[in-house]
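Here is query.tsv, consisting of TSV, C-alpha atoms and all ligand atoms:
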chain	number	residue	atom	x	y	z
A	1	MET	CA	-30.25	35.98	-48.39
A	2	SER	CA	-32.69	38.85	-48.70
A	3	ALA	CA	-35.60	37.43	-50.73
A	4	ASP	CA	-38.53	35.86	-48.85
A	5	PRO	CA	-37.21	32.48	-47.64
A	6	ARG	CA	-40.36	30.51	-48.44
A	7	ARG	CA	-40.63	31.89	-51.96
A	8	LEU	CA	-36.98	31.08	-52.60
A	9	ALA	CA	-37.43	27.50	-51.30
A	10	GLY	CA	-40.54	27.24	-53.46
A	11	ALA	CA	-38.59	28.36	-56.52
A	12	ALA	CA	-35.85	25.78	-55.88
A	13	ALA	CA	-38.49	23.09	-55.27
A	14	ALA	CA	-40.31	23.95	-58.50
A	15	MET	CA	-37.09	23.48	-60.45
A	16	ILE	CA	-36.41	20.13	-58.74
A	17	ASN	CA	-39.94	18.88	-59.36
A	18	GLN	CA	-39.98	20.03	-62.95
A	19	ARG	CA	-36.62	18.48	-63.84
A	20	TRP	CA	-36.49	15.27	-61.82
A	21	ALA	CA	-39.44	14.63	-59.53
A	22	PRO	CA	-42.78	15.48	-61.18
A	23	ASP	CA	-44.62	13.41	-58.55
A	24	GLY	CA	-42.67	15.05	-55.73
A	25	LEU	CA	-39.81	13.91	-53.55
A	26	ASP	CA	-40.43	11.31	-50.87
A	27	LEU	CA	-37.34	11.83	-48.76
A	28	ALA	CA	-34.01	13.62	-48.64
A	29	PHE	CA	-30.51	13.00	-47.33
A	30	VAL	CA	-28.21	15.84	-46.29
A	31	LEU	CA	-24.69	14.45	-46.22
A	32	GLY	CA	-22.23	16.26	-43.98
A	33	SER	CA	-18.56	15.92	-43.16
A	34	GLY	CA	-17.37	12.41	-43.84
A	35	TRP	CA	-20.66	11.26	-45.38
A	36	ALA	CA	-20.51	12.48	-48.97
A	37	ASN	CA	-18.35	9.52	-50.08
A	38	ALA	CA	-21.23	7.27	-49.03
A	39	ALA	CA	-23.75	8.85	-51.44
A	40	ASP	CA	-23.26	6.28	-54.21
A	41	GLU	CA	-25.57	3.29	-54.29
A	42	LEU	CA	-28.46	5.06	-52.56
A	43	GLY	CA	-30.42	4.49	-55.74
A	44	GLU	CA	-30.58	4.77	-59.52
A	45	PRO	CA	-29.49	8.29	-60.55
A	46	VAL	CA	-32.33	10.37	-62.00
A	47	GLY	CA	-30.46	13.66	-62.34
A	48	ASP	CA	-28.17	16.09	-60.63
A	49	CYS	CA	-26.71	19.58	-60.69
A	50	PRO	CA	-24.37	21.68	-58.58
A	51	LEU	CA	-26.30	22.84	-55.51
A	52	ALA	CA	-25.39	26.39	-56.41
A	53	ASP	CA	-27.43	26.08	-59.63
A	54	LEU	CA	-30.65	25.89	-57.59
A	55	PRO	CA	-32.28	29.16	-56.44
A	56	GLY	CA	-31.06	30.31	-53.04
A	57	PHE	CA	-28.14	27.89	-52.67
A	58	THR	CA	-24.51	28.94	-52.49
A	59	LYS	CA	-21.31	26.97	-53.01
A	60	PRO	CA	-20.19	25.09	-49.88
A	61	ALA	CA	-17.04	26.77	-48.61
A	62	VAL	CA	-15.52	23.82	-46.76
A	63	PRO	CA	-12.95	21.41	-48.20
A	64	GLY	CA	-14.23	17.86	-47.71
A	65	HIS	CA	-17.82	19.00	-48.19
A	66	GLY	CA	-19.36	18.22	-51.55
A	67	GLY	CA	-21.75	20.57	-53.29
A	68	GLN	CA	-24.02	18.46	-55.46
A	69	PHE	CA	-27.76	18.07	-55.61
A	70	ARG	CA	-28.90	14.67	-56.87
A	71	VAL	CA	-32.20	12.86	-57.25
A	72	VAL	CA	-32.25	9.06	-57.14
A	73	ARG	CA	-34.89	6.35	-57.32
A	74	THR	CA	-34.32	4.00	-54.36
A	75	ALA	CA	-34.57	0.19	-54.51
A	76	THR	CA	-38.02	0.47	-52.95
A	77	GLY	CA	-39.19	2.86	-55.67
A	78	ARG	CA	-39.06	6.06	-53.68
A	79	THR	CA	-37.73	9.34	-54.96
A	80	ALA	CA	-34.93	10.70	-52.82
A	81	ALA	CA	-32.91	13.89	-52.96
A	82	ILE	CA	-29.28	13.85	-51.86
A	83	LEU	CA	-27.54	17.07	-50.88
A	84	THR	CA	-23.80	16.57	-50.55
A	85	GLY	CA	-23.16	19.84	-48.84
A	86	ARG	CA	-24.90	22.37	-46.67
A	87	THR	CA	-24.63	25.99	-45.65
A	88	HIS	CA	-23.28	26.40	-42.13
A	89	TYR	CA	-24.23	29.11	-39.68
A	90	TYR	CA	-20.57	30.09	-39.33
A	91	GLU	CA	-20.31	31.01	-43.01
A	92	SER	CA	-22.21	34.29	-42.63
A	93	ARG	CA	-24.42	33.93	-39.52
A	94	ASP	CA	-27.36	33.65	-41.92
A	95	VAL	CA	-29.92	31.26	-40.44
A	96	THR	CA	-32.16	31.61	-43.49
A	97	ALA	CA	-29.39	30.25	-45.70
A	98	VAL	CA	-28.87	27.41	-43.20
A	99	ALA	CA	-32.57	26.47	-43.35
A	100	HIS	CA	-32.88	26.71	-47.14
A	101	GLY	CA	-31.97	23.08	-47.90
A	102	VAL	CA	-34.56	21.49	-45.61
A	103	ARG	CA	-37.20	24.06	-46.62
A	104	THR	CA	-36.54	23.29	-50.27
A	105	VAL	CA	-36.86	19.50	-49.98
A	106	ALA	CA	-40.02	19.93	-47.89
A	107	ALA	CA	-41.48	22.24	-50.53
A	108	ALA	CA	-40.58	19.63	-53.17
A	109	GLY	CA	-42.70	17.06	-51.36
A	110	ALA	CA	-40.32	15.24	-49.02
A	111	THR	CA	-41.83	14.11	-45.72
A	112	THR	CA	-38.62	12.66	-44.23
A	113	VAL	CA	-35.13	14.11	-44.02
A	114	VAL	CA	-31.98	12.31	-42.92
A	115	LEU	CA	-29.55	14.89	-41.54
A	116	THR	CA	-25.99	13.60	-41.23
A	117	ASN	CA	-22.93	15.38	-39.92
A	118	GLY	CA	-19.42	14.98	-38.66
A	119	ALA	CA	-19.09	15.73	-34.97
A	120	GLY	CA	-16.76	15.67	-32.03
A	121	GLY	CA	-17.49	12.86	-29.60
A	122	LEU	CA	-17.52	13.22	-25.81
A	123	ARG	CA	-17.59	9.50	-25.06
A	124	SER	CA	-14.43	7.43	-24.97
A	125	GLU	CA	-16.37	4.37	-26.14
A	126	TRP	CA	-17.09	6.16	-29.44
A	127	PRO	CA	-13.81	6.32	-31.37
A	128	PRO	CA	-13.55	8.26	-34.65
A	129	GLY	CA	-15.55	6.41	-37.28
A	130	THR	CA	-18.51	5.65	-34.97
A	131	PRO	CA	-21.96	6.61	-36.31
A	132	VAL	CA	-24.36	7.77	-33.58
A	133	LEU	CA	-28.11	8.38	-33.78
A	134	ILE	CA	-29.05	11.83	-32.54
A	135	SER	CA	-31.70	11.49	-29.83
A	136	ASP	CA	-32.04	15.18	-28.96
A	137	HIS	CA	-30.14	18.43	-29.24
A	138	LEU	CA	-28.88	21.48	-27.39
A	139	ASN	CA	-29.00	24.55	-29.61
A	140	LEU	CA	-26.10	26.56	-28.19
A	141	THR	CA	-25.89	28.95	-31.14
A	142	GLY	CA	-28.16	31.60	-29.66
A	143	ALA	CA	-29.88	31.67	-33.05
A	144	SER	CA	-33.02	30.22	-34.64
A	145	PRO	CA	-34.19	29.93	-38.23
A	146	LEU	CA	-37.72	30.80	-37.05
A	147	VAL	CA	-39.03	34.34	-36.79
A	148	GLY	CA	-42.25	35.49	-35.17
A	149	PRO	CA	-44.74	33.46	-33.13
A	150	THR	CA	-43.71	30.08	-34.57
A	151	PHE	CA	-43.93	27.90	-31.47
A	152	VAL	CA	-42.72	24.63	-32.98
A	153	ASP	CA	-42.88	21.58	-30.70
A	154	LEU	CA	-39.46	19.93	-30.38
A	155	THR	CA	-40.43	17.24	-27.86
A	156	GLU	CA	-39.72	14.52	-30.40
A	157	ALA	CA	-37.59	16.52	-32.81
A	158	TYR	CA	-35.56	13.42	-33.71
A	159	SER	CA	-38.29	10.95	-34.61
A	160	PRO	CA	-38.42	7.94	-32.25
A	161	ARG	CA	-40.12	6.03	-35.08
A	162	LEU	CA	-37.24	6.68	-37.49
A	163	ARG	CA	-34.65	5.89	-34.80
A	164	ASP	CA	-36.34	2.51	-34.31
A	165	LEU	CA	-36.22	1.90	-38.07
A	166	ALA	CA	-32.52	2.85	-38.12
A	167	ARG	CA	-31.79	0.37	-35.34
A	168	ARG	CA	-33.53	-2.29	-37.37
A	169	VAL	CA	-30.87	-1.67	-40.06
A	170	ALA	CA	-27.98	-1.30	-37.61
A	171	PRO	CA	-28.91	-2.72	-34.20
A	172	ALA	CA	-25.69	-1.59	-32.52
A	173	LEU	CA	-26.12	2.12	-33.33
A	174	PRO	CA	-25.70	4.12	-30.12
A	175	GLU	CA	-27.70	7.28	-29.39
A	176	GLY	CA	-26.63	10.63	-28.07
A	177	VAL	CA	-27.46	14.28	-27.52
A	178	TYR	CA	-25.97	16.65	-30.08
A	179	ALA	CA	-24.90	20.13	-28.99
A	180	GLN	CA	-24.57	22.69	-31.76
A	181	PHE	CA	-21.99	25.40	-31.18
A	182	PRO	CA	-21.89	28.39	-33.56
A	183	GLY	CA	-18.31	27.70	-34.72
A	184	PRO	CA	-16.26	27.93	-36.84
A	185	GLN	CA	-13.64	27.51	-34.12
A	186	TYR	CA	-13.68	24.15	-32.38
A	187	GLU	CA	-14.48	24.20	-28.66
A	188	THR	CA	-12.07	24.77	-25.85
A	189	PRO	CA	-11.74	21.85	-23.43
A	190	ALA	CA	-13.72	23.92	-20.91
A	191	GLU	CA	-16.55	24.38	-23.39
A	192	VAL	CA	-16.59	20.63	-24.06
A	193	ARG	CA	-16.77	19.97	-20.29
A	194	MET	CA	-19.64	22.49	-20.11
A	195	ALA	CA	-21.48	20.73	-22.94
A	196	GLY	CA	-20.99	17.41	-21.15
A	197	VAL	CA	-22.42	18.81	-17.90
A	198	LEU	CA	-25.40	20.08	-19.91
A	199	GLY	CA	-26.03	16.60	-21.28
A	200	ALA	CA	-24.22	16.59	-24.62
A	201	ASP	CA	-22.58	13.49	-26.09
A	202	LEU	CA	-21.65	15.08	-29.43
A	203	VAL	CA	-20.58	18.57	-30.50
A	204	GLY	CA	-21.08	19.96	-33.97
A	205	MET	CA	-21.86	23.02	-36.06
A	206	SER	CA	-24.84	22.20	-38.24
A	207	THR	CA	-27.73	20.00	-37.37
A	208	ALA	CA	-29.73	21.62	-34.54
A	209	LEU	CA	-30.65	24.70	-36.58
A	210	GLU	CA	-31.57	22.54	-39.59
A	211	THR	CA	-33.73	20.28	-37.43
A	212	ILE	CA	-35.64	23.26	-36.06
A	213	ALA	CA	-36.37	24.45	-39.61
A	214	ALA	CA	-37.21	20.90	-40.72
A	215	ARG	CA	-39.72	20.44	-37.90
A	216	GLU	CA	-41.34	23.76	-38.74
A	217	ALA	CA	-41.60	22.58	-42.36
A	218	GLY	CA	-43.33	19.39	-41.19
A	219	LEU	CA	-40.49	16.99	-41.96
A	220	GLU	CA	-39.83	13.90	-39.87
A	221	VAL	CA	-36.13	14.02	-38.94
A	222	LEU	CA	-33.54	11.29	-38.57
A	223	GLY	CA	-30.22	12.70	-37.36
A	224	ILE	CA	-26.97	10.75	-37.48
A	225	SER	CA	-23.53	11.98	-36.46
A	226	LEU	CA	-20.29	10.40	-37.53
A	227	VAL	CA	-17.82	10.88	-34.70
A	228	THR	CA	-14.79	12.14	-36.62
A	229	ASN	CA	-12.71	13.30	-33.67
A	230	PRO	CA	-12.72	13.19	-29.89
A	231	ALA	CA	-14.13	16.53	-28.70
A	232	ALA	CA	-11.44	18.94	-27.52
A	233	GLY	CA	-9.78	17.89	-24.27
A	234	THR	CA	-11.39	14.45	-24.13
A	235	LEU	CA	-8.09	12.85	-25.15
A	236	THR	CA	-5.02	14.21	-23.38
A	237	GLY	CA	-2.64	15.94	-25.71
A	238	ALA	CA	-4.69	15.57	-28.90
A	239	THR	CA	-5.47	18.68	-30.92
A	240	LEU	CA	-8.10	19.00	-33.65
A	241	ALA	CA	-7.35	19.29	-37.35
A	242	HIS	CA	-9.78	19.40	-40.25
A	243	ASP	CA	-7.63	16.89	-42.18
A	244	ASP	CA	-8.26	14.29	-39.47
A	245	VAL	CA	-11.99	14.91	-39.85
A	246	VAL	CA	-11.78	14.32	-43.61
A	247	ARG	CA	-9.71	11.17	-43.07
A	248	ALA	CA	-12.13	9.70	-40.50
A	249	GLY	CA	-14.90	10.10	-43.07
A	250	ALA	CA	-12.86	8.44	-45.81
A	251	ASP	CA	-11.97	5.54	-43.49
A	252	ALA	CA	-15.60	5.04	-42.48
A	253	ALA	CA	-17.02	5.43	-46.01
A	254	ASP	CA	-17.82	1.75	-46.59
A	255	ALA	CA	-19.66	1.36	-43.30
A	256	LEU	CA	-21.56	4.63	-43.81
A	257	ARG	CA	-22.52	3.64	-47.36
A	258	ALA	CA	-23.96	0.37	-46.05
A	259	LEU	CA	-25.84	2.22	-43.33
A	260	LEU	CA	-27.35	4.73	-45.79
A	261	VAL	CA	-28.30	2.03	-48.28
A	262	GLY	CA	-29.95	0.10	-45.45
A	263	LEU	CA	-31.84	3.21	-44.37
A	264	ALA	CA	-32.96	3.92	-47.94
A	265	GLY	CA	-34.52	0.45	-47.89
A	266	VAL	CA	-36.69	1.11	-44.85
A	267	LEU	CA	-37.48	4.83	-44.85
B	1	LIG	I1	-16.27	17.12	-38.02
B	1	LIG	O1	-15.12	18.69	-32.39
B	1	LIG	C1	-16.49	18.15	-36.34
B	1	LIG	N1	-17.36	19.13	-36.29
B	1	LIG	N2	-18.30	21.97	-32.73
B	1	LIG	N3	-16.70	20.31	-32.56
B	1	LIG	C2	-17.64	20.96	-33.29
B	1	LIG	N4	-17.93	20.65	-34.54
B	1	LIG	C3	-17.25	19.63	-35.07
B	1	LIG	C4	-16.27	18.92	-34.40
B	1	LIG	C5	-15.98	19.27	-33.07
B	1	LIG	N5	-15.79	17.98	-35.22

Take the structure in the file and give it back as structure tokens.
Amino acid sequence: MSADPRRLAGAAAAMINQRWAPDGLDLAFVLGSGWANAADELGEPVGDCPLADLPGFTKPAVPGHGGQFRVVRTATGRTAAILTGRTHYYESRDVTAVAHGVRTVAAAGATTVVLTNGAGGLRSEWPPGTPVLISDHLNLTGASPLVGPTFVDLTEAYSPRLRDLARRVAPALPEGVYAQFPGPQYETPAEVRMAGVLGADLVGMSTALETIAAREAGLEVLGISLVTNPAAGTLTGATLAHDDVVRAGADAADALRALLVGLAGVL
């Protein structure tokens, strides 16, 4: 992505506002692996288009990831964007492309973003299908979407206020630290052990970089992982397959839909 990132996000935001949200967005949901099936019922549809039709977005390359942009009016009368798909760092090591979604919804007026993902879980008490609130992250990509003297505070990157609201909807939601690896390969068991020693409870490939960009853009962030597989080596003998990830999402769809609808009611 060579054009100025802020101008490109502004162009996408202008199109969104003109077509579907003249008074601006209030919030946005980015639905990752396993979550896209849960997009229905978040609100009354206002309009939608393929993500790739908006300036600066490209088609998601991953099977099991959707690629739609949708605007809905929630039950509480708020205007929400739903992105069923995202650009991952591993696609072309382009952090600007990774940040484009959150920058766009911020430019379109959103003040809150719910970032969801599928992740490997390091805790045996979190079987596949368990949603987990992200309390903090380890950015192990060696990359950042920020350039220049942009000293963004990440002390409360994952809003304690929004985590409290989420627990009001789903009191049993556990919390954990999300470590983002660059991918696309899954971790080795040794890398998972390393992440555990460093304090990680979840391993993934998307959300830390997006959160950094979202905080720079002034968005309040709620992060939720769906554990779709035990992280490599945490179950003896098990190997990782993308099909299992897709299946865990399909199996959890009803519970995730209820969680998202509940969140839409309080955010
Ligand atoms: I879904 O086990 C999903 N995404 N890094 N490791 C990493 N990303 C993931 C995993 C996993 N499962």

Which residues, written as a ChimeraX atom specification, have at least one atom at most 7 Å from Thr207 of chain A, with all atoms listed in the file counted and residues fewer than 4 positions away on the same chain left out? /A:115,180,211

A:Thr188, A:Thr141, A:Gln68, A:Thr84 ranked by distance to Ser33 of chain A, top pick (using all atoms listed in the file): A:Thr84

At a cut-off of 7 Å, can you tabulate as a Markdown table every residue of chain A near ligand LIG 1 (chain B) together with its closest atom pair and the distance in Å to one decimal, using all atoms listed in the file and ordering rows by chain then number?
| residue | atom | partner | partner_atom | distance |
| --- | --- | --- | --- | --- |
| A:Ser33 | CA | B:LIG1 | I1 | 5.8 |
| A:Gly118 | CA | B:LIG1 | I1 | 3.9 |
| A:Ala119 | CA | B:LIG1 | C1 | 3.8 |
| A:Gly120 | CA | B:LIG1 | O1 | 3.5 |
| A:Gly121 | CA | B:LIG1 | O1 | 6.9 |
| A:Gln180 | CA | B:LIG1 | N2 | 6.4 |
| A:Phe181 | CA | B:LIG1 | N2 | 5.3 |
| A:Gly183 | CA | B:LIG1 | N2 | 6.1 |
| A:Tyr186 | CA | B:LIG1 | N3 | 4.9 |
| A:Glu187 | CA | B:LIG1 | N3 | 5.9 |
| A:Val203 | CA | B:LIG1 | N2 | 4.7 |
| A:Gly204 | CA | B:LIG1 | N4 | 3.3 |
| A:Met205 | CA | B:LIG1 | N4 | 4.8 |
| A:Thr228 | CA | B:LIG1 | I1 | 5.4 |
| A:Asn229 | CA | B:LIG1 | N5 | 5.8 |
| A:Pro230 | CA | B:LIG1 | O1 | 6.5 |
| A:Ala231 | CA | B:LIG1 | O1 | 4.4 |
| A:Ala232 | CA | B:LIG1 | O1 | 6.1 |
| A:Val245 | CA | B:LIG1 | I1 | 5.2 |

Counting only C-alpha atoms, what is within 12 Å of Thr79 of chain A, bar same-chain residues fewer than 5 positions away, as a ChimeraX atom specification? /A:16-17,20-29,42-47,70-74,105,108-112,264-265,267

Writing out the chosen residues with C-alpha atoms as a JSON list (two decimals), in the frame of the given file:
[["chain", "number", "residue", "atom", "x", "y", "z"],
["A", 16, "ILE", "CA", -36.41, 20.13, -58.74],
["A", 17, "ASN", "CA", -39.94, 18.88, -59.36],
["A", 20, "TRP", "CA", -36.49, 15.27, -61.82],
["A", 21, "ALA", "CA", -39.44, 14.63, -59.53],
["A", 22, "PRO", "CA", -42.78, 15.48, -61.18],
["A", 23, "ASP", "CA", -44.62, 13.41, -58.55],
["A", 24, "GLY", "CA", -42.67, 15.05, -55.73],
["A", 25, "LEU", "CA", -39.81, 13.91, -53.55],
["A", 26, "ASP", "CA", -40.43, 11.31, -50.87],
["A", 27, "LEU", "CA", -37.34, 11.83, -48.76],
["A", 28, "ALA", "CA", -34.01, 13.62, -48.64],
["A", 29, "PHE", "CA", -30.51, 13.00, -47.33],
["A", 42, "LEU", "CA", -28.46, 5.06, -52.56],
["A", 43, "GLY", "CA", -30.42, 4.49, -55.74],
["A", 44, "GLU", "CA", -30.58, 4.77, -59.52],
["A", 45, "PRO", "CA", -29.49, 8.29, -60.55],
["A", 46, "VAL", "CA", -32.33, 10.37, -62.00],
["A", 47, "GLY", "CA", -30.46, 13.66, -62.34],
["A", 70, "ARG", "CA", -28.90, 14.67, -56.87],
["A", 71, "VAL", "CA", -32.20, 12.86, -57.25],
["A", 72, "VAL", "CA", -32.25, 9.06, -57.14],
["A", 73, "ARG", "CA", -34.89, 6.35, -57.32],
["A", 74, "THR", "CA", -34.32, 4.00, -54.36],
["A", 105, "VAL", "CA", -36.86, 19.50, -49.98],
["A", 108, "ALA", "CA", -40.58, 19.63, -53.17],
["A", 109, "GLY", "CA", -42.70, 17.06, -51.36],
["A", 110, "ALA", "CA", -40.32, 15.24, -49.02],
["A", 111, "THR", "CA", -41.83, 14.11, -45.72],
["A", 112, "THR", "CA", -38.62, 12.66, -44.23],
["A", 264, "ALA", "CA", -32.96, 3.92, -47.94],
["A", 265, "GLY", "CA", -34.52, 0.45, -47.89],
["A", 267, "LEU", "CA", -37.48, 4.83, -44.85]]

Give me the residues near segment 155-162 of chain A as number ranges by chain, where near means some atom within 6 Å (using all atoms listed in the file) and where sequence neighbours in that chain fewer than 4 positions away do not count. A: 135, 221-222

Between A:Ala107, A:Ala97, A:Ala38, A:Ala241, single out the one closest to Leu219 of chain A, counting all atoms listed in the file. A:Ala107

What is the atom CA of Ser92 of chain A-atom CA of Pro182 of chain A distance in Å, reported with one decimal? 10.8 Å

Between atom CA of Ala214 of chain A and atom CA of Val30 of chain A, what distance in Å does the model show, to one decimal?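 Taking atom CA of Ala214 of chain A as the start and atom CA of Val30 of chain A as the end point, the length is 11.7 Å.
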
Give me the residues within 12 Å of Asp94 of chain A as a list in words, counting only C-alpha atoms and dropping any in the same chain fewer than 2 places off.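 Here the qualifying residues turn out to be Met1, Ser2, Pro5, Thr58, Thr87, His88, Tyr89, Tyr90, Glu91, Ser92, Thr96, Ala97, Val98, Ala99, His100, Thr141, Ala143, Ser144, Pro145, Leu146, Pro182 and Leu209 of chain A.
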
For the selection you just gave me, I'd like the residues written to a file as a short mmCIF file (atom, residue, chain, number, x, y, z; two decimals), in the coordinates of the input, keeping C-alpha atoms.
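Just written: out_28.cif:
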data_model
loop_
_atom_site.label_atom_id
_atom_site.label_comp_id
_atom_site.auth_asym_id
_atom_site.auth_seq_id
_atom_site.Cartn_x
_atom_site.Cartn_y
_atom_site.Cartn_z
CA MET A 1 -30.25 35.98 -48.39
CA SER A 2 -32.69 38.85 -48.70
CA PRO A 5 -37.21 32.48 -47.64
CA THR A 58 -24.51 28.94 -52.49
CA THR A 87 -24.63 25.99 -45.65
CA HIS A 88 -23.28 26.40 -42.13
CA TYR A 89 -24.23 29.11 -39.68
CA TYR A 90 -20.57 30.09 -39.33
CA GLU A 91 -20.31 31.01 -43.01
CA SER A 92 -22.21 34.29 -42.63
CA THR A 96 -32.16 31.61 -43.49
CA ALA A 97 -29.39 30.25 -45.70
CA VAL A 98 -28.87 27.41 -43.20
CA ALA A 99 -32.57 26.47 -43.35
CA HIS A 100 -32.88 26.71 -47.14
CA THR A 141 -25.89 28.95 -31.14
CA ALA A 143 -29.88 31.67 -33.05
CA SER A 144 -33.02 30.22 -34.64
CA PRO A 145 -34.19 29.93 -38.23
CA LEU A 146 -37.72 30.80 -37.05
CA PRO A 182 -21.89 28.39 -33.56
CA LEU A 209 -30.65 24.70 -36.58
#

Find the spatial neighbours of Leu198 of chain A, counting all atoms listed in the file, within a cut-off of 10 Å - ignore same-chain residues fewer than 6 positions away - and output them as an mmCIF file with C-alpha atoms, keeping the file's coordinate frame.
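So result.cif came out as:
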data_model
loop_
_atom_site.group_PDB
_atom_site.id
_atom_site.type_symbol
_atom_site.label_atom_id
_atom_site.label_comp_id
_atom_site.auth_asym_id
_atom_site.auth_seq_id
_atom_site.Cartn_x
_atom_site.Cartn_y
_atom_site.Cartn_z
ATOM 1 C CA LEU A 138 -28.880 21.480 -27.390
ATOM 2 C CA VAL A 177 -27.460 14.280 -27.520
ATOM 3 C CA ALA A 179 -24.900 20.130 -28.990
ATOM 4 C CA VAL A 192 -16.590 20.630 -24.060
#

Counting all atoms listed in the file, find the residues whose atoms lie at most 10 Å from (-28.4, 1.7, -40.3) (file coordinates) and write them out as a list in words. Pro131, Val132, Leu133, Arg163, Asp164, Leu165, Ala166, Arg167, Arg168, Val169, Ala170, Pro171, Ala172, Leu173, Ile224, Ala255, Leu256, Arg257, Ala258, Leu259, Leu260, Val261, Gly262, Leu263, Ala264, Gly265 and Val266 of chain A

Could you write segment 69-86 of chain A of the block just shown to a file containing N, CA and C atoms, as a JSON list (two decimals), in the first residue's frame?
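Resulting contents of result_19.json:
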[["chain", "number", "residue", "atom", "x", "y", "z"],
["A", 69, "PHE", "N", -17.99, -5.94, 4.24],
["A", 69, "PHE", "CA", -18.17, -4.77, 5.10],
["A", 69, "PHE", "C", -19.66, -4.54, 5.22],
["A", 70, "ARG", "N", -20.15, -4.34, 6.45],
["A", 70, "ARG", "CA", -21.58, -4.17, 6.66],
["A", 70, "ARG", "C", -21.80, -3.08, 7.70],
["A", 71, "VAL", "N", -22.86, -2.32, 7.53],
["A", 71, "VAL", "CA", -23.27, -1.36, 8.55],
["A", 71, "VAL", "C", -24.63, -1.80, 9.07],
["A", 72, "VAL", "N", -24.78, -1.84, 10.38],
["A", 72, "VAL", "CA", -26.07, -2.19, 11.00],
["A", 72, "VAL", "C", -26.45, -1.13, 12.03],
["A", 73, "ARG", "N", -27.76, -1.10, 12.31],
["A", 73, "ARG", "CA", -28.28, -0.26, 13.39],
["A", 73, "ARG", "C", -28.58, -1.21, 14.54],
["A", 74, "THR", "N", -27.92, -1.04, 15.68],
["A", 74, "THR", "CA", -28.09, -2.00, 16.79],
["A", 74, "THR", "C", -29.42, -1.74, 17.50],
["A", 75, "ALA", "N", -29.79, -2.69, 18.37],
["A", 75, "ALA", "CA", -31.06, -2.59, 19.11],
["A", 75, "ALA", "C", -31.11, -1.32, 19.96],
["A", 76, "THR", "N", -29.93, -0.82, 20.34],
["A", 76, "THR", "CA", -29.90, 0.40, 21.16],
["A", 76, "THR", "C", -29.75, 1.66, 20.30],
["A", 77, "GLY", "N", -29.90, 1.48, 18.98],
["A", 77, "GLY", "CA", -29.92, 2.65, 18.10],
["A", 77, "GLY", "C", -28.55, 3.17, 17.70],
["A", 78, "ARG", "N", -27.54, 2.36, 17.89],
["A", 78, "ARG", "CA", -26.20, 2.80, 17.51],
["A", 78, "ARG", "C", -25.82, 2.25, 16.15],
["A", 79, "THR", "N", -24.95, 2.96, 15.48],
["A", 79, "THR", "CA", -24.53, 2.57, 14.14],
["A", 79, "THR", "C", -23.20, 1.84, 14.22],
["A", 80, "ALA", "N", -23.23, 0.58, 13.80],
["A", 80, "ALA", "CA", -22.04, -0.26, 13.94],
["A", 80, "ALA", "C", -21.59, -0.79, 12.60],
["A", 81, "ALA", "N", -20.28, -0.78, 12.39],
["A", 81, "ALA", "CA", -19.69, -1.43, 11.22],
["A", 81, "ALA", "C", -19.24, -2.83, 11.61],
["A", 82, "ILE", "N", -19.39, -3.76, 10.67],
["A", 82, "ILE", "CA", -18.91, -5.12, 10.89],
["A", 82, "ILE", "C", -17.98, -5.48, 9.73],
["A", 83, "LEU", "N", -16.77, -5.83, 10.06],
["A", 83, "LEU", "CA", -15.81, -6.27, 9.04],
["A", 83, "LEU", "C", -15.61, -7.77, 9.24],
["A", 84, "THR", "N", -16.11, -8.55, 8.30],
["A", 84, "THR", "CA", -15.88, -10.00, 8.40],
["A", 84, "THR", "C", -14.65, -10.32, 7.56],
["A", 85, "GLY", "N", -13.53, -10.02, 8.13],
["A", 85, "GLY", "CA", -12.29, -10.25, 7.41],
["A", 85, "GLY", "C", -11.30, -9.16, 7.77],
["A", 86, "ARG", "N", -10.04, -9.48, 7.62],
["A", 86, "ARG", "CA", -8.99, -8.53, 7.95],
["A", 86, "ARG", "C", -7.78, -8.87, 7.10]]
